[in-house]
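First comes the structure, then the notes that go with it.
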Amino acid sequence: MRDLPKTFDHLEAEPRLYREQEEAGLFKPAGEGEPFSIVIPPPNVTGSLHVGHALNNTLQDILCRYRRRQGRKVLWQYGVDHAGIATQMVVERQMAERQEPHRRDIGREAFVQKVWEWKAESGGMIKNQLKRLGASCDWSRERFTMDEGLSAAVRKVFVQLYREGLIYRDKRLVNWDPKFQTAISDLEVENREVNGKMWHFAYPLEDGEVDGIKEIVIATTRPETMLGDGAVAVHPDDERYKNLIGKKVRLPIVDRLIPIIADEYPDPELGTGAVKITGAHDFNDFEVAKRHDIPLIVLMDEEARIIATEENGVPERFHKLDRFEARERVVKEIEELGLLRGIEDKLIMQPFGDRSGVVIEPMLTDQWYVDAKTLAGPAIEAVNSGRTKFVPENWSKTYFNWMDNIEPWCISRQLWWGHRIPVWYGPDGTPFCAEDEAEAHRLATEHYDGEAVDLVQDSDVLDTWFSSALWPFSTLGWPEDTEELREFYPTAVLSTAFDIIFFWVARMMMMAMHFMGEVPFRTVYIHALVRDEHGQKMSKSKGNVVDPIEYMDEFGADPLRFTLASQATQGRDLSLSKQRVEGYRNFRTKLWNAARFLQLRSVPITDEEIDPHTFELPLNRWIAHEGAKMAGEVSRALDDFRFDEAASAIYQFAWGTFCDWYLELSKPILDEGDEAAQAETRKAMGAALKTILICLEPFMPFVTRELYHAMNEGKKTIDDQRWPASSFADDGAAGEIAAAIALISEIRSARTEVNVPVAAKLELVAVDAPDQVKALLDAQAPAIKRLARIETITHASEPPKGSVQIVSGGVTYALPVADVIDLKAEMERLAKAIGKTEGELKKANGKLSNERFVANAPAEVVEQERERVAAFTAELEQLQAAKARIEAL
RNA sequence: GGUCGCGUAGCUCAGCGGUAGAGCACUCGCUUCACACGCGAGUGGUCACUGGUUCGAUCCCAGUCGCGACCA
């Protein structure tokens, strides 16, 4: 044993203990056990640890460490993704800060080179933060989505899907980010409610007046788009416009005739019931325009500036105007034309790019798409058939909901950082999709009848999620047929927050089913989102962002981990408060001090397999019983992903059972017991601590390790230990110690309530105790005396006059306190106890007197109620007798 | 508007047909020889509301009110 310092210095110890584990190679898959694998949801290469990562990775780490203790061969696959937009943005910003030339000036190749340099320098931050947290990933297997192997997987997947017709090029509306000048995913768009306006414009009818109507008034929140209107739509059942359908209106400013069409889309209740249709700049309008073959008129360039072209007929004066300037200009001109019919303030939903923060523009562009609908089929089936399970189960609904309504997946991005689309174009624009340029040339040569031509590669890159979708198998070596793939695929668990079920689960499932023919993970564990202590979503603007690093600085990684685990319930939200972390820091300290107590009493941890069946003392059998029960509860809870229940079971046992009772009850034995009893108690105590440390290690890997190795007298380390057995049980010993604890608690409580001075040592008189109780009192006398401050334990047939009386386990006990008794307090105490017992009795009797209860309730419930009545009746009688004796004084 | 979820102790949350729980906070004691980041004893709840099912509802069902998230 090595002497434990008075306190645990987490700032010194945690890095040291981490290094120790890492250097010992503990994080690599080992042994011959059944494989257990988790792929980390790859953090962004630009990322730094936020509290959501802390939660997710703590939970994954708990699972991995727990399974290692069970002898499983564990692989926790680490890696990061290249985060196309985010990374390009970071590097561009850095270049701007350094006043370096813009990326367009240095060219694609040089820019990509710069990104790699940036990655080498700054891309490893989150890894070190995860290490601080204690994450036991196999760092030696780190992967990056832009690695050669993973890139080869991307190319292979693209080419195959292309050849299967599941990847195609299409002209559709996309979410266009004018700042980054790229398409972005729906999921990267944040819809926010903002104060906007609704403008009402009048479009004059071509034919002057029809049925007394000269114009149609439309309402819009985006006046500038009227320049691209291709039609005005009204509901077919809208009486107001029935006669106008098929007629034309003259579009002001542009002076174009556009038709009035009938479509279900306009809501007659809203506004005037007539809507303008701008097919090229609005998602709903796009659908309407397609249905009616309305021309799609493109109004803007990549920076969302208005362009005036021959095709779109926009007047030259609008050319290169920013969309918001154009808006003012349009409104002004409409007003000047006398066609402005009103302006109202309105809350409108506006789409913003989640990274750029600018208003997203629906744009008609050529992009590459994956036929997600086709790929979704097997992915849905995999969850339907239970081959992949969601925990908690109801998240599968969200998954199905998303999958059932899945849209074509736009995978091209107008960026430089990412996997370049493996398509080359011939001089006439014919595409050749191939895994490399040489193959593309072969295809081209074949196509052009042997003629060698110049090919130009598509300039776009793929969505980051295209490569991330392959993560569960590409990290294991696919498309090569590797040992790891055979051993660790499918993985056991994917752990993630519900807000990215779509990002992650859906895409990984689709790709895995298509290319592996097997699910990527058996279980999808969905954890809550971390919020602040008031349940508010954390956001930088609110300033309530919790930095896990700060908590680790102040309290250490162990308490943070334990807090997160104990809060990981099945709910959607998790409120993290500093006080809670502090509370579990206290728990760590409690454990530390308990270990110091063991040291003081020369109790080590040994390699010896201690069989509790050999224990003679009920106290030791009891702690073994309770320890085994706890270990069983923790395993069951972890098997069910109930991290909160697991944490609670350990906490209760370590603090509530081991420290509060076992250590206290064992003190008299260690002080005064005979040699055999002392030896046995030391053994049991060491074994109990060992159980705690092993079960707690997945949650608090640092302090448990430090304690284990300081206390260890054997050759084995905590890493050589297996998860504790949960088979031992001794209900007899458990009952005996529970009875002693109940009695001690009753005595303590009574003492306090009648204001017996703390230091006063009392006599305990057991009244008419049966032999069994006498034996128990005899056996537990030293403990009762010490913990309840009792001088002597005697027996009598009547309580001495002037006693405080308590009823415990069906026996009346008296504490003669003649001169110190507070009669009033004692009366109140007994009255309260009587009242409570009466209440219970009444409730139980009420049930039993209900014929239908007796007839319908299960027999054991009725029997239980009868037993309760008997017990309460006896207790009530004893309490009333006690009260009568006080009254007689 | 659609979908999902939530209203349990002052706060943050478990529980979920048969005796209401935890942590923190709060109150009162305590320099008890591991620990004041502690020890001991307590206070605190018509389990949102209204109906229904049931022998029995905090738990199941329906509705109402309030809150939230996601999707339109």
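All residue names refer to the structure tokens as shown: chains lettered A, B, ... in order, residues numbered from 1 in each chain, ligands numbered from 1 in order.
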Taking only C-alpha atoms (C1' of nucleotides) into account, find every residue of chain A that has an atom no more than 9 Å from chain B, and write it out as an NGL selection string. :A and (397-398 or 401 or 499 or 533-535 or 567 or 569 or 571-572 or 574-577 or 579-580 or 582-583 or 585-598 or 600 or 644-645 or 648 or 748-749 or 751-753 or 758-759 or 840 or 847 or 850-857 or 861)
Based on the selection just made, write C-alpha atoms of those residues as a compact mmCIF listing (two decimals), in the first residue's frame.
# COMPACT_ATOMS: atom_id res chain seq x y z
CA LYS A 397 -40.80 7.11 -34.92
CA THR A 398 -38.72 10.14 -35.72
CA ASN A 401 -41.03 9.87 -40.17
CA ASP A 499 -31.10 16.44 -33.21
CA GLU A 533 -29.51 24.66 -15.06
CA HIS A 534 -32.82 26.32 -15.91
CA GLY A 535 -33.53 24.05 -18.82
CA GLN A 567 -28.33 12.96 -15.59
CA THR A 569 -32.13 9.76 -18.21
CA GLY A 571 -35.76 12.32 -21.37
CA ARG A 572 -34.98 14.77 -24.13
CA LEU A 574 -30.61 17.37 -19.44
CA SER A 575 -30.03 20.34 -17.20
CA LEU A 576 -26.48 20.75 -16.11
CA SER A 577 -25.72 22.78 -13.04
CA GLN A 579 -23.92 22.60 -8.01
CA ARG A 580 -24.54 19.12 -9.23
CA GLU A 582 -19.82 20.04 -7.12
CA GLY A 583 -21.97 17.45 -5.38
CA ARG A 585 -16.90 16.16 -6.53
CA ASN A 586 -17.91 15.74 -2.90
CA PHE A 587 -18.74 12.14 -3.64
CA ARG A 588 -15.26 11.61 -5.01
CA THR A 589 -13.81 13.16 -1.87
CA LYS A 590 -16.01 10.96 0.29
CA LEU A 591 -14.69 7.89 -1.44
CA TRP A 592 -11.16 9.15 -1.10
CA ASN A 593 -11.57 9.59 2.62
CA ALA A 594 -13.17 6.20 3.01
CA ALA A 595 -10.12 4.70 1.35
CA ARG A 596 -7.90 6.64 3.71
CA PHE A 597 -9.85 5.13 6.57
CA LEU A 598 -9.16 1.67 5.23
CA LEU A 600 -5.49 3.73 8.56
CA ASP A 644 -28.61 7.35 -14.46
CA GLU A 645 -29.73 4.22 -12.66
CA SER A 648 -27.35 6.03 -8.66
CA ARG A 748 -31.15 8.48 17.08
CA SER A 749 -34.35 9.99 15.87
CA ARG A 751 -33.03 11.19 21.00
CA THR A 752 -33.03 14.22 18.77
CA GLU A 753 -36.74 14.78 18.97
CA VAL A 758 -25.86 14.47 21.98
CA ALA A 759 -23.17 13.41 24.37
CA GLU A 840 -51.67 3.79 7.28
CA LYS A 847 -58.99 -1.56 1.20
CA ASN A 850 -63.95 -3.26 0.25
CA GLU A 851 -65.43 -6.55 -0.93
CA ARG A 852 -64.52 -5.89 -4.49
CA PHE A 853 -60.90 -5.35 -3.57
CA VAL A 854 -60.75 -8.67 -1.76
CA ALA A 855 -62.53 -10.38 -4.61
CA ASN A 856 -60.62 -8.82 -7.51
CA ALA A 857 -57.15 -7.90 -6.39
CA VAL A 861 -51.75 -8.04 -2.80
Find the spatial neighbours of range 60-77 of chain A, counting only C-alpha atoms (C1' of nucleotides), within a cut-off of 9 Å - ignore same-chain residues fewer than 3 positions away - and output them as a PyMOL selection string. chain A and resi 27-40+55-57+134-139+141-143+472+475-476+488+493-495+565+635+638-639+641+643+694-695+697-701+719-724
With N, CA and C atoms kept, could you save the residues just selected as a compact mmCIF listing (two decimals), in the first residue's frame?
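To be explicit, this is the file written out as part.txt:
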# COMPACT_ATOMS: atom_id res chain seq x y z
N PHE A 27 -6.18 0.92 -24.38
CA PHE A 27 -7.31 1.32 -25.21
C PHE A 27 -7.39 0.55 -26.52
N LYS A 28 -6.41 -0.31 -26.72
CA LYS A 28 -6.44 -1.12 -27.94
C LYS A 28 -7.26 -2.38 -27.68
N PRO A 29 -7.90 -2.89 -28.71
CA PRO A 29 -8.66 -4.13 -28.52
C PRO A 29 -7.72 -5.22 -28.00
N ALA A 30 -8.16 -5.96 -27.00
CA ALA A 30 -7.28 -6.97 -26.42
C ALA A 30 -8.07 -8.20 -26.03
N GLY A 31 -7.36 -9.32 -26.02
CA GLY A 31 -7.95 -10.56 -25.53
C GLY A 31 -8.73 -11.30 -26.60
N GLU A 32 -9.34 -12.36 -26.17
CA GLU A 32 -10.04 -13.23 -27.11
C GLU A 32 -11.55 -13.12 -26.92
N GLY A 33 -11.97 -12.13 -26.15
CA GLY A 33 -13.39 -12.02 -25.85
C GLY A 33 -14.22 -11.67 -27.07
N GLU A 34 -15.52 -11.72 -26.89
CA GLU A 34 -16.44 -11.37 -27.95
C GLU A 34 -16.25 -9.90 -28.30
N PRO A 35 -16.09 -9.57 -29.57
CA PRO A 35 -15.83 -8.17 -29.93
C PRO A 35 -16.99 -7.24 -29.56
N PHE A 36 -16.61 -6.05 -29.18
CA PHE A 36 -17.59 -5.00 -28.88
C PHE A 36 -17.04 -3.72 -29.47
N SER A 37 -17.79 -3.10 -30.37
CA SER A 37 -17.22 -1.92 -31.01
C SER A 37 -18.19 -0.74 -31.06
N ILE A 38 -17.60 0.40 -30.99
CA ILE A 38 -18.35 1.65 -31.14
C ILE A 38 -17.53 2.53 -32.08
N VAL A 39 -18.19 3.13 -33.07
CA VAL A 39 -17.49 4.16 -33.83
C VAL A 39 -17.93 5.50 -33.26
N ILE A 40 -16.98 6.34 -33.03
CA ILE A 40 -17.31 7.66 -32.48
C ILE A 40 -18.03 8.45 -33.57
N LEU A 55 -20.90 14.86 -22.89
CA LEU A 55 -21.92 13.88 -22.52
C LEU A 55 -21.81 12.64 -23.39
N ASN A 56 -21.84 12.85 -24.68
CA ASN A 56 -21.88 11.71 -25.58
C ASN A 56 -20.65 10.82 -25.42
N ASN A 57 -19.50 11.43 -25.28
CA ASN A 57 -18.29 10.64 -25.19
C ASN A 57 -18.10 10.03 -23.81
N GLY A 134 -11.02 11.68 -20.38
CA GLY A 134 -10.78 10.28 -20.02
C GLY A 134 -11.19 9.29 -21.09
N ALA A 135 -11.55 9.80 -22.25
CA ALA A 135 -12.04 8.92 -23.31
C ALA A 135 -11.00 7.86 -23.68
N SER A 136 -11.44 6.62 -23.74
CA SER A 136 -10.50 5.53 -23.98
C SER A 136 -10.58 5.02 -25.42
N CYS A 137 -10.58 5.96 -26.35
CA CYS A 137 -10.57 5.59 -27.77
C CYS A 137 -9.22 4.96 -28.12
N ASP A 138 -9.26 4.11 -29.12
CA ASP A 138 -8.00 3.58 -29.65
C ASP A 138 -7.42 4.63 -30.60
N TRP A 139 -6.61 5.51 -30.03
CA TRP A 139 -6.11 6.65 -30.80
C TRP A 139 -5.20 6.20 -31.94
N ARG A 141 -5.78 4.14 -34.06
CA ARG A 141 -6.55 3.87 -35.26
C ARG A 141 -7.28 5.11 -35.78
N GLU A 142 -6.83 6.27 -35.37
CA GLU A 142 -7.50 7.51 -35.77
C GLU A 142 -7.68 7.58 -37.29
N ARG A 143 -8.88 7.98 -37.69
CA ARG A 143 -9.17 8.13 -39.12
C ARG A 143 -9.68 9.54 -39.39
N PRO A 472 -19.00 3.99 -40.42
CA PRO A 472 -18.95 2.74 -39.65
C PRO A 472 -18.17 1.62 -40.34
N THR A 475 -14.02 3.32 -41.77
CA THR A 475 -12.97 3.42 -40.76
C THR A 475 -12.37 2.05 -40.44
N LEU A 476 -13.13 1.01 -40.73
CA LEU A 476 -12.63 -0.34 -40.44
C LEU A 476 -11.91 -0.93 -41.63
N PHE A 488 -15.28 -6.45 -36.18
CA PHE A 488 -15.98 -5.41 -35.45
C PHE A 488 -17.22 -4.84 -36.15
N VAL A 493 -23.01 -0.13 -30.92
CA VAL A 493 -23.83 1.02 -30.54
C VAL A 493 -23.39 2.26 -31.31
N LEU A 494 -24.36 3.06 -31.70
CA LEU A 494 -24.05 4.42 -32.12
C LEU A 494 -24.74 5.33 -31.11
N SER A 495 -23.96 6.21 -30.52
CA SER A 495 -24.52 7.09 -29.50
C SER A 495 -24.55 8.51 -30.04
N ALA A 565 -23.43 11.30 -16.46
CA ALA A 565 -24.02 9.96 -16.46
C ALA A 565 -25.27 9.93 -15.59
N SER A 635 -24.84 -3.51 -13.74
CA SER A 635 -24.78 -4.20 -15.05
C SER A 635 -26.12 -4.15 -15.76
N LEU A 638 -26.62 -0.70 -17.13
CA LEU A 638 -25.78 -0.38 -18.29
C LEU A 638 -26.19 -1.19 -19.51
N ASP A 639 -26.61 -2.43 -19.28
CA ASP A 639 -27.09 -3.23 -20.41
C ASP A 639 -28.30 -2.55 -21.06
N PHE A 641 -28.75 0.72 -21.04
CA PHE A 641 -28.39 2.13 -21.30
C PHE A 641 -29.01 3.08 -20.29
N PHE A 643 -27.88 4.90 -17.76
CA PHE A 643 -26.68 5.40 -17.08
C PHE A 643 -27.03 6.05 -15.74
N ILE A 694 -14.17 -1.06 -8.90
CA ILE A 694 -14.32 -1.66 -10.23
C ILE A 694 -15.63 -1.17 -10.90
N CYS A 695 -16.68 -1.13 -10.10
CA CYS A 695 -17.95 -0.70 -10.69
C CYS A 695 -17.96 0.79 -11.02
N GLU A 697 -15.26 2.52 -11.86
CA GLU A 697 -14.20 2.89 -12.80
C GLU A 697 -14.71 3.40 -14.15
N PRO A 698 -15.73 2.79 -14.74
CA PRO A 698 -16.22 3.33 -16.01
C PRO A 698 -16.71 4.77 -15.90
N PHE A 699 -17.20 5.12 -14.73
CA PHE A 699 -17.75 6.46 -14.52
C PHE A 699 -16.68 7.45 -14.09
N MET A 700 -15.83 7.02 -13.17
CA MET A 700 -14.78 7.88 -12.64
C MET A 700 -13.43 7.17 -12.80
N PRO A 701 -12.91 7.16 -14.01
CA PRO A 701 -11.73 6.33 -14.26
C PRO A 701 -10.46 6.82 -13.57
N ASP A 719 -7.09 -2.93 -14.14
CA ASP A 719 -7.40 -3.32 -15.51
C ASP A 719 -7.43 -4.83 -15.69
N ASP A 720 -6.83 -5.54 -14.74
CA ASP A 720 -6.85 -7.00 -14.83
C ASP A 720 -8.11 -7.57 -14.21
N GLN A 721 -8.88 -6.71 -13.56
CA GLN A 721 -10.05 -7.19 -12.84
C GLN A 721 -11.24 -7.39 -13.76
N ARG A 722 -12.03 -8.37 -13.41
CA ARG A 722 -13.28 -8.59 -14.10
C ARG A 722 -14.41 -7.94 -13.31
N TRP A 723 -15.49 -7.70 -14.01
CA TRP A 723 -16.67 -7.13 -13.36
C TRP A 723 -17.09 -8.03 -12.19
N PRO A 724 -17.44 -7.44 -11.03
CA PRO A 724 -17.74 -8.26 -9.86
C PRO A 724 -18.96 -9.16 -10.08
Residues at most 12 Å from G52 in chain B, counting only C-alpha atoms (C1' of nucleotides), excluding those fewer than 4 positions away in the same chain, as a ChimeraX atom specification? /B:57,60-63
For the residues in that selection, give me C-alpha atoms (C1' of nucleotides) as a compact mmCIF listing (two decimals), in the first residue's frame.
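For reference, result28.txt as written:
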# COMPACT_ATOMS: atom_id res chain seq x y z
C1' A B 57 -54.81 5.78 -11.14
C1' C B 60 -53.73 3.59 -18.57
C1' C B 61 -57.59 6.30 -21.93
C1' A B 62 -60.11 10.98 -23.59
C1' G B 63 -60.37 16.07 -23.26
Skip C59 in chain B itself and residues of its chain fewer than 6 positions away, then list as a PDB file with C-alpha atoms (C1' of nucleotides), in the first residue's frame all residues within 9 Å of it, counting only C-alpha atoms (C1' of nucleotides).
ATOM      1  C1'   G B  15     -40.552   6.585 -10.753  1.00  0.00           C
ATOM      2  C1'   C B  16     -45.183   4.760 -13.618  1.00  0.00           C
ATOM      3  C1'   G B  17     -51.489   0.363 -11.774  1.00  0.00           C
TER       4        G B  17
END
Exercise: U58 in chain B partners within 9 Å, only C-alpha atoms (C1' of nucleotides), chain neighbours under 2 positions left out, as a list in words: U8, C16, A20 and C47 of chain B
Keeping only C-alpha atoms (C1' of nucleotides), write the selected residues as an mmCIF file, in the first residue's frame.
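This is the output file part_31.cif:
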data_model
loop_
_atom_site.group_PDB
_atom_site.id
_atom_site.type_symbol
_atom_site.label_atom_id
_atom_site.label_comp_id
_atom_site.auth_asym_id
_atom_site.auth_seq_id
_atom_site.Cartn_x
_atom_site.Cartn_y
_atom_site.Cartn_z
ATOM 1 C "C1'" U B 8 -44.149 14.963 -9.621
ATOM 2 C "C1'" C B 16 -45.183 4.760 -13.618
ATOM 3 C "C1'" A B 20 -44.594 9.144 -3.272
ATOM 4 C "C1'" C B 47 -47.884 13.782 -8.641
#
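Here CA of Ser666 in chain A stands at a distance of 17.3 Å from CA of Ile692 in chain A.
Between CA of Phe521 in chain A and CA of Tyr369 in chain A the separation is 25.5 Å.
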So how far away is CA of Ala202 in chain A from CA of Leu251 in chain A, in Å?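 Interatomic distance, CA of Leu251 in chain A to CA of Ala202 in chain A: 9.1 Å.
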